[in-house]
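**Student:** Okay, handing you the structure first.
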Amino acid sequence: MIGPIVKRLRRFRRQDEGTATIETLLWLPVMLAFVALAADAAFVFFGQNQAYRIVQDANRSLSVGRFQTEAQVEKYLTDTIGAFAKHVTAETTIQSGMVTSVVKIPVNDLIATNMISSLMNFDLTVGGTQFVEY
């Protein structure tokens, strides 16, 4: 009875058909985490670029007279950026013939996956300045 069991154990120990599968299963979570990090970083940079363009557009609109007050610019910024980031805050000031807008967006609003949300617990600040044309 011991002979057949020992033979099977020796044969099992010599087989190497499943080694690539085991290595793949060990590395798969690391690779998925890396892809998630890369995707989230891309979404953050894309959101930053979108917010910057919207800030430039809003400042230009106030500069040429499309908007009359800072409050209108802030509402435009929060409404427009709010389409892709829920918790956005905006502040606009006019000093010395310059309109300056600063927008703060929580990075957690921009990421696609929540796998690494603990690393993304900060605000993204986007600002822009434009001369006011009289």
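In the structure tokens, chains take the letters A, B, ... in the order shown, each chain's residues start at 1, and ligands count up from 1 in the order shown.
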Excluding region 81-91 of chain A and its own-chain neighbours fewer than 3 positions away, which residues fall within 7 Å of it when counting only C-alpha atoms? Please give them as an MDAnalysis selection string.
**Tutor:** chainID A and resid 51 74 77:78 101:106 109:110
**Student:** Give me, as a PyMOL selection string, the residues of chain A that a backbone DSSP run labels helix (DSSP H, G or I).
**Tutor:** chain A and resi 2-14+19-64+70-81+107-109
**Student:** With only C-alpha atoms as the atoms that count, which of A:Thr80, A:Ser118, A:Gln15, A:Thr93 lies nearest to Leu62 (chain A)?
**Tutor:** A:Thr93
**Student:** Please list as a ChimeraX atom specification every residue within 12 Å of Phe34 (chain A), counting only C-alpha atoms and excluding residues in the same chain fewer than 5 positions away.
**Tutor:** /A:27-29,39-41,113,115-116
**Student:** Measure the distance from CA of Val126 (chain A) to CA of Ala36 (chain A) in Å and round it to one decimal.
**Tutor:**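 Computed distance, CA of Val126 (chain A) to CA of Ala36 (chain A), equals 24.0 Å.
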**Student:** Write down as a ChimeraX atom specification the residues belonging to chain A that are assigned strand (DSSP E) by DSSP computed on the backbone.
**Tutor:** /A:89-95,98-106,123-131
**Student:** Restricting the calculation to only C-alpha atoms: of A:Val73, A:Leu119, A:Ala38, A:Leu32, which residue gets closest to Ile54 (chain A)?
**Tutor:**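 For Ile54 (chain A), the nearest of the given residues is A:Val73.
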**Student:** Just checking: using only C-alpha atoms, which residue out of A:Ala42, A:Leu9, A:Gly65, A:Ser96 ends up closest to Ile111 (chain A)?
**Tutor:** A:Ala42
**Student:** Interatomic distance between CA of Gln56 (chain A) and CA of Gln72 (chain A)?
**Tutor:**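 Interatomic distance here is 14.4 Å.
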**Student:** Between A:Lys7, A:Arg60, A:Arg66, A:Arg13, which one has atoms that come closest to Val132 (chain A), using only C-alpha atoms?
**Tutor:**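 Smallest distance to Val132 (chain A) is found for A:Arg60.
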